[in-house]
Each structure stands twice: as structure tokens, then as C-alpha cells.
Amino acid sequence: MSHKSVKLTKHKYKLYKKYGDAKHLAYVKANRAANREICRPKRNFEKKLAKKIDVDRKSFFAYARSRSRARCEVSPLDDAACNTSVLPHEMAEEFNSYFASVFSIEDTSNVPSAAKLFHGIESEELHEIPVNGETVQKKLDRLCSDKVAGTGDLAPRFLNELKEEICYPMVKIMSASLKSGVVPDDWKTAK
């Protein structure tokens with residue numbers, strides 16, 4: 001509440017005490033002005049949230065969740081051995097193990113070769129993809145710092161703060177990966 005809305009609300013109560021009637025014209029006018037002033041900061045706050053939704057989704061959805069009357073929660077889970085998971089990290093691990101069991105494991109020993117799609121002259125063919133520090137730093141800058149850490153337990157905020165120190169090693173690793181045609185196994189895992 002703003003200072004002005006508090007002042008108008010006090011004035012409204014004074015008028016009610018004075019006239020003792022909620023239908024008195026002066027009270028009705030003061031009540032309308034106080035309600036309008038109370039709603040204004042809330043509307044401004046909601047407009048700011050809506051404008052910043054591209055940058056700060058977390059605040060928007062936290063506010064939307066707080067305004068919702070329905071509370072959606074995951075109930076305790078039972079695993080195959082009938083052990084009940086109650087803690088959030090235990091339930092997340094249980095979901096992860098279930099979804100990992102549902103997906104099939106691909107046979108990497110028998111990978112078919114891709115057909116050549118480029119039919120131009122050899123000088124126009126893309127032989128090397130350049131990776132430079134500036135591009136890597138821009139990508140690290142665009143990481144959302146409020147997201148959860150990946151399988152390597154490195155939070156995006158940590159990567160963003162150390163972008164200048166880890167930029168050169170990342171460029172080397174990516175360049176070596178592109179030249180050899182081999183992606184590190186750690187980059188293939190997900191949770």
C-alpha cells in the first residue's frame with residue numbers, strides 16, 4: 001500500500017465513524033477513492049511483471065502461483081520395493097529413475113552412415129566450424145542464472161560468474177570435439 005492509499009483509507013474510516021452509515025454519499029465517495037488507490041499499486045506491479053516476463057519468468061510465475069487458490073502438489077511416491085519417498089529430492093530421483101527406465105538404450109555399435117547432402121563444389125563445402133571465445137562468452141551470458149544445475153552439478157549462475165576463466169578451456173574442448181567428430185559422454189547425459 002502506498003502512503004496515499006493509507007491516508008485515503010483512514011479518511012474513509014473517519015467518515016464512517018462520523019456518519020455511521022455505509023450508504024452516506026461522503027462515505028461512498030471516500031470508499032471508492034480509497035479502493036481505487038489501493039488497486040493502483042497492485043495494477044502497476046502486475047504490469048511491470050508482465051513487461052519483464054521475457055527476462056524474469058520466475059517472478060511472474062511465483063506471483064501467479066501465489067494468486068492461485070488451487071495448490072498442486074505431488075503426493076508421496078512408492079518405488080518398486082514399496083519404499084515411500086516424501087522428500088522432494090527423493091521424489092525427483094524416483095521420477096528420474098522411472099523415466100530413465102522407460103526410454104530405450106540405443107545400439108551405438110551399429111550406427112548407419114549419413115548420406116551426403118551437399119551437392120555443390122568442394123570449395124564451398126563447410127570443412128571447419130570456427131569456435132571463438134567471444135561466441136562462447138555470449139552464450140554463457142545468456143544462461144538463466146535462476147535455473148537448476150545440470151548433471152555435472154554446475155549451476156548456471158556459477159558458469160556465468162566464471163565465464164572469463166572457463167571460456168578458453170571450453171573453446172579448446174569444443175574445437176577438439178568438432179575436429180574429431182566425437183562428443184564427450186558427459187555432454188550426452190541429461191536429468
# chains A, B, ... in the order shown; residues from 1 in each chain; ligands from 1
>>> select_by_dssp(residues="chain A", states="alpha helix (DSSP H)", output="PyMOL selection string")
chain A and resi 3-19+25-51+57-67+88-102+133-141+156-161+163-180
>>> residues_around(residues="Asn160 (chain A)", least_positions_apart="2", cutoff="9 Å", atoms="only C-alpha atoms", output="MDAnalysis selection string")
chainID A and resid 137 140:145 155:158 162:164
>>> residues_around(residues="Ser75 (chain A)", least_positions_apart="4", cutoff="12 Å", atoms="only C-alpha atoms", output="count of residues only")
8
>>> closest_residue(among="A:Lys7, A:Arg57, A:His89, A:Lys14", to="Pro76 (chain A)", atoms="only C-alpha atoms")
A:His89
>>> atom_distance(atom1="CA of Thr135 (chain A)", atom2="CA of Leu178 (chain A)")
15.3 Å
>>> residues_around(residues="region 113-129 of chain A", least_positions_apart="4", cutoff="12 Å", atoms="only C-alpha atoms", output="number ranges by chain")
A: 108-109, 171, 174-181
>>> atom_distance(atom1="CA of Gly133 (chain A)", atom2="CA of Cys167 (chain A)")
5.8 Å
